Amino acid sequence: MPGEADATPVGPHAGGADSSISTGEDLRVVSWNIHKALDSGLAAELARLVEERAPHVLALQEARPGLPLPAGFAGHHAASFRRGLMGPEEGVMTLARAPALAAHRVRSSERELRLLTPKAALISQLPLSDGRELCLVNVHGLNFDPTGRQLARQLDDLRERVAHISGPVVVAGDFNTWNDRRMGAVRDLAHALDLEEVAPDFPGGTKGRLPGRKARETLGLDHRLHLDRLFVRGLVPVHAAWMDSYRCSDHVPLIAHLTWTR
């Protein structure tokens, strides 16, 4: 399909003791826009996050393929664009404690402001210990469009690729949901795929920021809406929280604890 391609593997991919994700315990998923890995302390923060929170899956946005990976994790990178002729490829990266069975990049057919960069999503199929597969969709949504129409088309493209999947699904990422119309596009995706949003237990997260009142009013920016979100199907939310002690990005990472259903 146009815009779809195999993603680039990152990290070790040999199977081993952790060759599948156990369904005998809650699933822990972290979603985090890491701000192009510009902070030199990011690798240490990721290692600390893994040690303290013990996630099974990391869904990272604005990631580069040379990112030092936490021990025990491997996965795939899906490039959205290259910054300059020789610059690094930026995109989304999904890392897990089990090697993915398949991973596909889906790059948006449209570009930011029609002329700039496209955005990417990454669809990964992860093996579960009970023989099923977990579909993890890592999304970085198109931005800068107050009407939400570009974002809606990007998400509708993803919907077509995920609609046939019958097993458990997690859709996570930076959706850039800074006004009601953009949030409506995300709600439409959730409704079409029968997804439930996993809401953190307390307010927080990263929200859209514009300096001038007139600009905020023109774009309809709503400071109550956070940009980073996580949705599930075939899983039951147990707990979710913003992890504001990790400060190597302009976004706050989100962790969700989920239990399995049949």
# chains A, B, ... in the order shown; residues from 1 in each chain; ligands from 1
>>> closest_atom_pairs(of="segment 166-235 of chain A", to="segment 111-125 of chain A", cutoff="10 Å", atoms="only C-alpha atoms", output="CSV")
residue,atom,partner,partner_atom,distance
A:Val169,CA,A:Gln125,CA,9.5
A:Val170,CA,A:Ile123,CA,9.9
A:Val171,CA,A:Ile123,CA,9.1
A:Ala172,CA,A:Ala121,CA,9.9
A:Gly173,CA,A:Ala121,CA,8.9
>>> residues_around(residues="Asp244 of chain A", least_positions_apart="5", cutoff="9 Å", atoms="only C-alpha atoms", output="list in words")
Gly204, Gly205, Val252, Pro253 and Leu254 of chain A
>>> write_last_selection(atoms="C-alpha atoms", output="CSV table (one decimal), in the first residue's frame")
chain,number,residue,atom,x,y,z
A,204,GLY,CA,-1.1,16.7,33.7
A,205,GLY,CA,0.8,15.9,30.6
A,252,VAL,CA,5.8,14.2,29.7
A,253,PRO,CA,5.9,10.4,29.3
A,254,LEU,CA,2.7,8.4,29.9
>>> residues_around(residues="segment 92-108 of chain A", least_positions_apart="5", cutoff="6 Å", atoms="only C-alpha atoms", output="JSON, numbers by chain")
{"A": [3, 4, 5, 6, 7, 13, 18, 19, 20, 56, 57, 58, 59, 60, 61, 62, 63, 72, 73, 74, 75, 76, 77, 78, 118, 119, 120, 121, 122, 123, 124, 125, 126, 154]}
>>> write_last_selection(atoms="N, CA and C atoms", output="mmCIF file, in the first residue's frame")
data_model
loop_
_atom_site.group_PDB
_atom_site.id
_atom_site.type_symbol
_atom_site.label_atom_id
_atom_site.label_comp_id
_atom_site.auth_asym_id
_atom_site.auth_seq_id
_atom_site.Cartn_x
_atom_site.Cartn_y
_atom_site.Cartn_z
ATOM 1 N N GLY A 3 2.829 4.429 1.006
ATOM 2 C CA GLY A 3 3.209 4.936 2.313
ATOM 3 C C GLY A 3 3.596 3.874 3.313
ATOM 4 N N GLU A 4 3.432 2.593 2.949
ATOM 5 C CA GLU A 4 3.735 1.516 3.884
ATOM 6 C C GLU A 4 5.002 0.803 3.441
ATOM 7 N N ALA A 5 5.846 0.453 4.396
ATOM 8 C CA ALA A 5 7.080 -0.263 4.107
ATOM 9 C C ALA A 5 7.529 -0.952 5.378
ATOM 10 N N ASP A 6 8.384 -1.965 5.227
ATOM 11 C CA ASP A 6 8.966 -2.586 6.404
ATOM 12 C C ASP A 6 9.777 -1.550 7.158
ATOM 13 N N ALA A 7 9.678 -1.593 8.481
ATOM 14 C CA ALA A 7 10.411 -0.657 9.315
ATOM 15 C C ALA A 7 11.845 -1.132 9.491
ATOM 16 N N HIS A 13 17.888 -8.845 17.894
ATOM 17 C CA HIS A 13 16.603 -9.459 17.571
ATOM 18 C C HIS A 13 16.618 -10.981 17.696
ATOM 19 N N ASP A 18 12.905 -14.192 26.819
ATOM 20 C CA ASP A 18 11.833 -13.213 26.721
ATOM 21 C C ASP A 18 11.357 -13.080 25.283
ATOM 22 N N SER A 19 11.162 -14.211 24.587
ATOM 23 C CA SER A 19 10.777 -14.158 23.192
ATOM 24 C C SER A 19 9.293 -13.887 23.005
ATOM 25 N N SER A 20 8.534 -13.789 24.084
ATOM 26 C CA SER A 20 7.141 -13.374 24.010
ATOM 27 C C SER A 20 6.813 -12.560 25.261
ATOM 28 N N HIS A 56 6.943 -3.201 29.513
ATOM 29 C CA HIS A 56 7.154 -4.243 28.505
ATOM 30 C C HIS A 56 7.372 -3.630 27.121
ATOM 31 N N VAL A 57 6.774 -2.456 26.892
ATOM 32 C CA VAL A 57 6.813 -1.818 25.573
ATOM 33 C C VAL A 57 7.052 -0.322 25.753
ATOM 34 N N LEU A 58 7.901 0.238 24.885
ATOM 35 C CA LEU A 58 8.135 1.677 24.813
ATOM 36 C C LEU A 58 7.724 2.155 23.426
ATOM 37 N N ALA A 59 6.790 3.102 23.364
ATOM 38 C CA ALA A 59 6.392 3.729 22.105
ATOM 39 C C ALA A 59 6.941 5.155 22.121
ATOM 40 N N LEU A 60 7.986 5.393 21.322
ATOM 41 C CA LEU A 60 8.686 6.673 21.331
ATOM 42 C C LEU A 60 8.406 7.431 20.038
ATOM 43 N N GLN A 61 8.210 8.742 20.162
ATOM 44 C CA GLN A 61 8.050 9.607 18.990
ATOM 45 C C GLN A 61 9.229 10.586 18.939
ATOM 46 N N GLU A 62 9.474 11.129 17.747
ATOM 47 C CA GLU A 62 10.636 11.993 17.474
ATOM 48 C C GLU A 62 11.935 11.276 17.868
ATOM 49 N N ALA A 63 12.018 10.022 17.477
ATOM 50 C CA ALA A 63 13.186 9.192 17.780
ATOM 51 C C ALA A 63 14.079 9.076 16.563
ATOM 52 N N GLY A 72 17.918 -5.039 27.232
ATOM 53 C CA GLY A 72 16.810 -5.980 27.131
ATOM 54 C C GLY A 72 15.742 -5.589 26.140
ATOM 55 N N PHE A 73 15.906 -4.446 25.451
ATOM 56 C CA PHE A 73 14.884 -3.986 24.510
ATOM 57 C C PHE A 73 15.420 -3.994 23.083
ATOM 58 N N ALA A 74 14.534 -4.303 22.154
ATOM 59 C CA ALA A 74 14.815 -4.201 20.726
ATOM 60 C C ALA A 74 13.520 -3.820 20.035
ATOM 61 N N GLY A 75 13.600 -3.461 18.778
ATOM 62 C CA GLY A 75 12.373 -3.086 18.099
ATOM 63 C C GLY A 75 12.614 -2.566 16.701
ATOM 64 N N HIS A 76 11.855 -1.531 16.333
ATOM 65 C CA HIS A 76 11.912 -0.990 14.976
ATOM 66 C C HIS A 76 11.765 0.520 15.001
ATOM 67 N N HIS A 77 12.326 1.132 13.978
ATOM 68 C CA HIS A 77 12.228 2.572 13.771
ATOM 69 C C HIS A 77 11.541 2.813 12.439
ATOM 70 N N ALA A 78 10.613 3.776 12.432
ATOM 71 C CA ALA A 78 9.919 4.152 11.203
ATOM 72 C C ALA A 78 10.189 5.619 10.939
ATOM 73 N N PRO A 118 6.360 14.943 6.277
ATOM 74 C CA PRO A 118 5.287 14.012 6.612
ATOM 75 C C PRO A 118 5.473 13.527 8.052
ATOM 76 N N LYS A 119 4.535 12.771 8.550
ATOM 77 C CA LYS A 119 4.646 12.122 9.859
ATOM 78 C C LYS A 119 4.508 10.613 9.652
ATOM 79 N N ALA A 120 5.031 9.857 10.615
ATOM 80 C CA ALA A 120 5.033 8.407 10.489
ATOM 81 C C ALA A 120 4.286 7.754 11.637
ATOM 82 N N ALA A 121 3.795 6.563 11.369
ATOM 83 C CA ALA A 121 3.265 5.672 12.393
ATOM 84 C C ALA A 121 3.938 4.318 12.189
ATOM 85 N N LEU A 122 3.925 3.508 13.225
ATOM 86 C CA LEU A 122 4.573 2.194 13.185
ATOM 87 C C LEU A 122 3.608 1.169 13.758
ATOM 88 N N ILE A 123 3.285 0.160 12.961
ATOM 89 C CA ILE A 123 2.385 -0.922 13.381
ATOM 90 C C ILE A 123 3.238 -2.158 13.637
ATOM 91 N N SER A 124 3.274 -2.605 14.890
ATOM 92 C CA SER A 124 4.098 -3.752 15.279
ATOM 93 C C SER A 124 3.207 -4.872 15.794
ATOM 94 N N GLN A 125 3.552 -6.101 15.415
ATOM 95 C CA GLN A 125 2.862 -7.292 15.919
ATOM 96 C C GLN A 125 3.802 -7.989 16.900
ATOM 97 N N LEU A 126 3.421 -8.037 18.168
ATOM 98 C CA LEU A 126 4.267 -8.584 19.222
ATOM 99 C C LEU A 126 3.705 -9.911 19.714
ATOM 100 N N GLN A 154 -4.910 11.090 8.020
ATOM 101 C CA GLN A 154 -3.816 10.233 8.469
ATOM 102 C C GLN A 154 -4.342 9.091 9.326
#
>>> atom_distance(atom1="atom CA of Glu51 of chain A", atom2="atom CA of Val238 of chain A")
20.4 Å
>>> closest_residue(among="A:Leu189, A:Val232, A:Ile165, A:Val50", to="Arg153 of chain A", atoms="only C-alpha atoms")
A:Leu189
>>> atom_distance(atom1="atom CA of Leu69 of chain A", atom2="atom CA of Pro12 of chain A")
9.9 Å
>>> residues_around(residues="Arg149 of chain A", least_positions_apart="3", cutoff="9 Å", atoms="only C-alpha atoms", output="compact mmCIF listing (two decimals) with N, CA and C atoms, in the first residue's frame")
# COMPACT_ATOMS: atom_id res chain seq x y z
N ASP A 145 -2.65 22.05 11.76
CA ASP A 145 -3.88 22.18 10.98
C ASP A 145 -5.05 22.30 11.95
N PRO A 146 -5.54 23.52 12.19
CA PRO A 146 -6.61 23.67 13.18
C PRO A 146 -7.92 23.00 12.80
N ALA A 152 -7.25 13.75 10.45
CA ALA A 152 -8.31 12.77 10.24
C ALA A 152 -7.96 11.83 9.10
N ARG A 153 -7.40 12.37 8.01
CA ARG A 153 -7.04 11.50 6.89
C ARG A 153 -5.88 10.58 7.26
N GLN A 154 -4.91 11.09 8.02
CA GLN A 154 -3.82 10.23 8.47
C GLN A 154 -4.34 9.09 9.33
N ARG A 181 -11.50 20.18 17.32
CA ARG A 181 -11.65 19.55 16.01
C ARG A 181 -10.62 18.46 15.80
N ARG A 182 -9.40 18.69 16.26
CA ARG A 182 -8.38 17.65 16.17
C ARG A 182 -8.71 16.49 17.11
N ALA A 185 -11.14 14.14 15.51
CA ALA A 185 -10.56 13.17 14.57
C ALA A 185 -10.06 11.94 15.31
>>> atom_distance(atom1="atom CA of His223 of chain A", atom2="atom CA of Arg187 of chain A")
17.8 Å
>>> select_by_dssp(residues="segment 11-225 of chain A", states="strand (DSSP E or B)", output="VMD selection string")
chain A and resid 21 27 to 33 57 to 63 74 to 82 89 to 96 102 to 107 120 to 128 133 to 140 169 to 174 196 to 197 207
>>> residues_around(residues="Ala44 of chain A", least_positions_apart="3", cutoff="10 Å", atoms="only C-alpha atoms", output="list in words")
Ser40, Gly41, Ala47, Arg48, Leu49, Val50, Pro68, Leu69, Pro70 and Cys248 of chain A
>>> closest_residue(among="A:Thr8, A:Thr261, A:Asn33, A:Ser80", to="Leu227 of chain A", atoms="only C-alpha atoms")
A:Asn33
>>> residues_around(residues="Gly208 of chain A", least_positions_apart="5", cutoff="10 Å", atoms="only C-alpha atoms", output="NGL selection string")
:A and (176-179 or 216 or 221-227)
>>> closest_residue(among="A:Leu42, A:Leu67, A:Leu195, A:Ala54", to="Asp250 of chain A", atoms="only C-alpha atoms")
A:Leu42
>>> closest_residue(among="A:Phe231, A:His257, A:Arg247, A:Asp26", to="Asp39 of chain A", atoms="only C-alpha atoms")
A:Arg247
>>> closest_residue(among="A:Gly234, A:Pro200, A:Gly91, A:Pro127", to="Ala256 of chain A", atoms="only C-alpha atoms")
A:Pro200
>>> decode(residues="segment 80-213 of chain A", atoms="C-alpha atoms", output="PDB file, in the first residue's frame")
ATOM      1  CA  SER A  80       9.109  10.168   8.758  1.00  0.00           C
ATOM      2  CA  PHE A  81      11.780  12.438   7.264  1.00  0.00           C
ATOM      3  CA  ARG A  82      15.483  13.201   7.164  1.00  0.00           C
ATOM      4  CA  ARG A  83      16.682  16.548   8.532  1.00  0.00           C
ATOM      5  CA  GLY A  84      18.999  17.828   5.800  1.00  0.00           C
ATOM      6  CA  LEU A  85      20.824  15.792   3.155  1.00  0.00           C
ATOM      7  CA  MET A  86      23.046  14.034   5.676  1.00  0.00           C
ATOM      8  CA  GLY A  87      21.001  14.541   8.846  1.00  0.00           C
ATOM      9  CA  PRO A  88      19.467  11.824  11.024  1.00  0.00           C
ATOM     10  CA  GLU A  89      16.144  10.247  10.181  1.00  0.00           C
ATOM     11  CA  GLU A  90      13.460  11.248  12.642  1.00  0.00           C
ATOM     12  CA  GLY A  91      10.340   9.221  13.251  1.00  0.00           C
ATOM     13  CA  VAL A  92       8.733   6.808  15.671  1.00  0.00           C
ATOM     14  CA  MET A  93      10.348   3.866  17.439  1.00  0.00           C
ATOM     15  CA  THR A  94       8.688   0.932  19.183  1.00  0.00           C
ATOM     16  CA  LEU A  95      10.811  -1.107  21.583  1.00  0.00           C
ATOM     17  CA  ALA A  96       9.784  -4.252  23.439  1.00  0.00           C
ATOM     18  CA  ARG A  97      11.210  -7.023  25.568  1.00  0.00           C
ATOM     19  CA  ALA A  98      10.142  -9.500  22.871  1.00  0.00           C
ATOM     20  CA  PRO A  99      11.132  -9.307  19.174  1.00  0.00           C
ATOM     21  CA  ALA A 100       8.292  -8.210  16.915  1.00  0.00           C
ATOM     22  CA  LEU A 101       6.833 -10.733  14.488  1.00  0.00           C
ATOM     23  CA  ALA A 102       6.303  -7.942  11.960  1.00  0.00           C
ATOM     24  CA  ALA A 103       6.615  -4.172  11.839  1.00  0.00           C
ATOM     25  CA  HIS A 104       5.459  -1.768   9.135  1.00  0.00           C
ATOM     26  CA  ARG A 105       5.968   1.930   8.682  1.00  0.00           C
ATOM     27  CA  VAL A 106       2.967   3.980   7.577  1.00  0.00           C
ATOM     28  CA  ARG A 107       4.007   7.456   6.492  1.00  0.00           C
ATOM     29  CA  SER A 108       1.330  10.118   6.076  1.00  0.00           C
ATOM     30  CA  SER A 109       0.412  10.912   2.488  1.00  0.00           C
ATOM     31  CA  GLU A 110       0.338  14.628   3.385  1.00  0.00           C
ATOM     32  CA  ARG A 111       2.960  16.954   4.824  1.00  0.00           C
ATOM     33  CA  GLU A 112       2.959  19.518   7.598  1.00  0.00           C
ATOM     34  CA  LEU A 113       1.688  22.845   6.189  1.00  0.00           C
ATOM     35  CA  ARG A 114       1.484  21.022   2.805  1.00  0.00           C
ATOM     36  CA  LEU A 115       5.190  21.661   2.136  1.00  0.00           C
ATOM     37  CA  LEU A 116       7.218  20.477   5.131  1.00  0.00           C
ATOM     38  CA  THR A 117       7.607  17.004   6.622  1.00  0.00           C
ATOM     39  CA  PRO A 118       5.287  14.012   6.612  1.00  0.00           C
ATOM     40  CA  LYS A 119       4.646  12.122   9.859  1.00  0.00           C
ATOM     41  CA  ALA A 120       5.033   8.407  10.489  1.00  0.00           C
ATOM     42  CA  ALA A 121       3.265   5.672  12.393  1.00  0.00           C
ATOM     43  CA  LEU A 122       4.573   2.194  13.185  1.00  0.00           C
ATOM     44  CA  ILE A 123       2.385  -0.922  13.381  1.00  0.00           C
ATOM     45  CA  SER A 124       4.098  -3.752  15.279  1.00  0.00           C
ATOM     46  CA  GLN A 125       2.862  -7.292  15.919  1.00  0.00           C
ATOM     47  CA  LEU A 126       4.267  -8.584  19.222  1.00  0.00           C
ATOM     48  CA  PRO A 127       4.075 -12.254  20.300  1.00  0.00           C
ATOM     49  CA  LEU A 128       2.182 -13.127  23.471  1.00  0.00           C
ATOM     50  CA  SER A 129       2.837 -16.136  25.705  1.00  0.00           C
ATOM     51  CA  ASP A 130      -0.690 -17.493  25.116  1.00  0.00           C
ATOM     52  CA  GLY A 131      -0.136 -17.696  21.361  1.00  0.00           C
ATOM     53  CA  ARG A 132      -1.947 -14.506  20.433  1.00  0.00           C
ATOM     54  CA  GLU A 133      -0.405 -11.308  19.078  1.00  0.00           C
ATOM     55  CA  LEU A 134      -0.533  -7.765  20.417  1.00  0.00           C
ATOM     56  CA  CYS A 135      -0.909  -5.037  17.795  1.00  0.00           C
ATOM     57  CA  LEU A 136       0.900  -1.896  18.926  1.00  0.00           C
ATOM     58  CA  VAL A 137       0.281   1.227  16.828  1.00  0.00           C
ATOM     59  CA  ASN A 138       2.745   4.039  17.570  1.00  0.00           C
ATOM     60  CA  VAL A 139       1.500   7.346  16.134  1.00  0.00           C
ATOM     61  CA  HIS A 140       2.901  10.828  15.612  1.00  0.00           C
ATOM     62  CA  GLY A 141       0.009  12.907  14.331  1.00  0.00           C
ATOM     63  CA  LEU A 142       0.226  15.629  11.710  1.00  0.00           C
ATOM     64  CA  ASN A 143       0.243  19.054  13.359  1.00  0.00           C
ATOM     65  CA  PHE A 144      -0.405  22.753  12.459  1.00  0.00           C
ATOM     66  CA  ASP A 145      -3.879  22.178  10.982  1.00  0.00           C
ATOM     67  CA  PRO A 146      -6.612  23.671  13.182  1.00  0.00           C
ATOM     68  CA  THR A 147      -9.370  22.068  11.098  1.00  0.00           C
ATOM     69  CA  GLY A 148      -8.110  18.575  11.937  1.00  0.00           C
ATOM     70  CA  ARG A 149      -8.766  17.373   8.403  1.00  0.00           C
ATOM     71  CA  GLN A 150      -5.183  16.333   7.686  1.00  0.00           C
ATOM     72  CA  LEU A 151      -4.979  14.454  10.977  1.00  0.00           C
ATOM     73  CA  ALA A 152      -8.311  12.770  10.237  1.00  0.00           C
ATOM     74  CA  ARG A 153      -7.038  11.505   6.886  1.00  0.00           C
ATOM     75  CA  GLN A 154      -3.816  10.233   8.469  1.00  0.00           C
ATOM     76  CA  LEU A 155      -5.748   8.365  11.157  1.00  0.00           C
ATOM     77  CA  ASP A 156      -8.260   7.004   8.652  1.00  0.00           C
ATOM     78  CA  ASP A 157      -5.340   5.513   6.706  1.00  0.00           C
ATOM     79  CA  LEU A 158      -4.213   3.780   9.897  1.00  0.00           C
ATOM     80  CA  ARG A 159      -7.741   2.587  10.619  1.00  0.00           C
ATOM     81  CA  GLU A 160      -7.870   0.759   7.293  1.00  0.00           C
ATOM     82  CA  ARG A 161      -4.691  -1.130   8.194  1.00  0.00           C
ATOM     83  CA  VAL A 162      -5.816  -2.120  11.702  1.00  0.00           C
ATOM     84  CA  ALA A 163      -9.561  -2.734  11.275  1.00  0.00           C
ATOM     85  CA  HIS A 164      -9.114  -6.423  10.381  1.00  0.00           C
ATOM     86  CA  ILE A 165      -7.121  -7.275  13.522  1.00  0.00           C
ATOM     87  CA  SER A 166      -9.120  -9.315  16.023  1.00  0.00           C
ATOM     88  CA  GLY A 167      -6.617  -9.556  18.895  1.00  0.00           C
ATOM     89  CA  PRO A 168      -5.636  -7.002  21.544  1.00  0.00           C
ATOM     90  CA  VAL A 169      -4.673  -3.548  20.264  1.00  0.00           C
ATOM     91  CA  VAL A 170      -2.827  -0.595  21.808  1.00  0.00           C
ATOM     92  CA  VAL A 171      -2.762   2.735  19.947  1.00  0.00           C
ATOM     93  CA  ALA A 172      -0.408   5.247  21.563  1.00  0.00           C
ATOM     94  CA  GLY A 173       1.506   8.376  20.701  1.00  0.00           C
ATOM     95  CA  ASP A 174       1.617  12.122  20.273  1.00  0.00           C
ATOM     96  CA  PHE A 175      -1.644  12.996  18.510  1.00  0.00           C
ATOM     97  CA  ASN A 176      -1.169  16.774  18.759  1.00  0.00           C
ATOM     98  CA  THR A 177      -4.733  17.065  20.034  1.00  0.00           C
ATOM     99  CA  TRP A 178      -4.671  20.753  20.931  1.00  0.00           C
ATOM    100  CA  ASN A 179      -8.184  21.729  19.878  1.00  0.00           C
ATOM    101  CA  ASP A 180     -11.650  20.190  19.757  1.00  0.00           C
ATOM    102  CA  ARG A 181     -11.653  19.547  16.007  1.00  0.00           C
ATOM    103  CA  ARG A 182      -8.380  17.653  16.167  1.00  0.00           C
ATOM    104  CA  MET A 183      -9.617  15.767  19.211  1.00  0.00           C
ATOM    105  CA  GLY A 184     -12.720  14.880  17.209  1.00  0.00           C
ATOM    106  CA  ALA A 185     -10.564  13.173  14.565  1.00  0.00           C
ATOM    107  CA  VAL A 186      -8.978  11.021  17.270  1.00  0.00           C
ATOM    108  CA  ARG A 187     -12.361  10.187  18.806  1.00  0.00           C
ATOM    109  CA  ASP A 188     -13.573   9.095  15.361  1.00  0.00           C
ATOM    110  CA  LEU A 189     -10.640   6.671  15.123  1.00  0.00           C
ATOM    111  CA  ALA A 190     -11.368   5.324  18.604  1.00  0.00           C
ATOM    112  CA  HIS A 191     -15.040   4.815  17.745  1.00  0.00           C
ATOM    113  CA  ALA A 192     -14.268   3.095  14.432  1.00  0.00           C
ATOM    114  CA  LEU A 193     -11.845   0.642  16.056  1.00  0.00           C
ATOM    115  CA  ASP A 194     -13.823   0.225  19.312  1.00  0.00           C
ATOM    116  CA  LEU A 195     -10.931   1.632  21.341  1.00  0.00           C
ATOM    117  CA  GLU A 196     -11.111   2.849  24.936  1.00  0.00           C
ATOM    118  CA  GLU A 197      -8.902   5.743  26.022  1.00  0.00           C
ATOM    119  CA  VAL A 198      -6.769   5.051  29.081  1.00  0.00           C
ATOM    120  CA  ALA A 199      -7.017   8.201  31.175  1.00  0.00           C
ATOM    121  CA  PRO A 200      -4.281   9.025  33.720  1.00  0.00           C
ATOM    122  CA  ASP A 201      -5.327   9.101  37.354  1.00  0.00           C
ATOM    123  CA  PHE A 202      -4.548  12.799  37.757  1.00  0.00           C
ATOM    124  CA  PRO A 203      -4.342  15.886  35.483  1.00  0.00           C
ATOM    125  CA  GLY A 204      -1.091  16.723  33.740  1.00  0.00           C
ATOM    126  CA  GLY A 205       0.780  15.864  30.602  1.00  0.00           C
ATOM    127  CA  THR A 206       1.962  18.101  27.795  1.00  0.00           C
ATOM    128  CA  LYS A 207      -0.482  20.585  26.306  1.00  0.00           C
ATOM    129  CA  GLY A 208      -0.358  22.939  23.344  1.00  0.00           C
ATOM    130  CA  ARG A 209       1.284  26.287  23.968  1.00  0.00           C
ATOM    131  CA  LEU A 210       1.017  29.525  21.997  1.00  0.00           C
ATOM    132  CA  PRO A 211       2.287  32.858  23.302  1.00  0.00           C
ATOM    133  CA  GLY A 212      -0.466  35.215  22.134  1.00  0.00           C
ATOM    134  CA  ARG A 213      -4.150  35.258  23.112  1.00  0.00           C
TER     135      ARG A 213
END
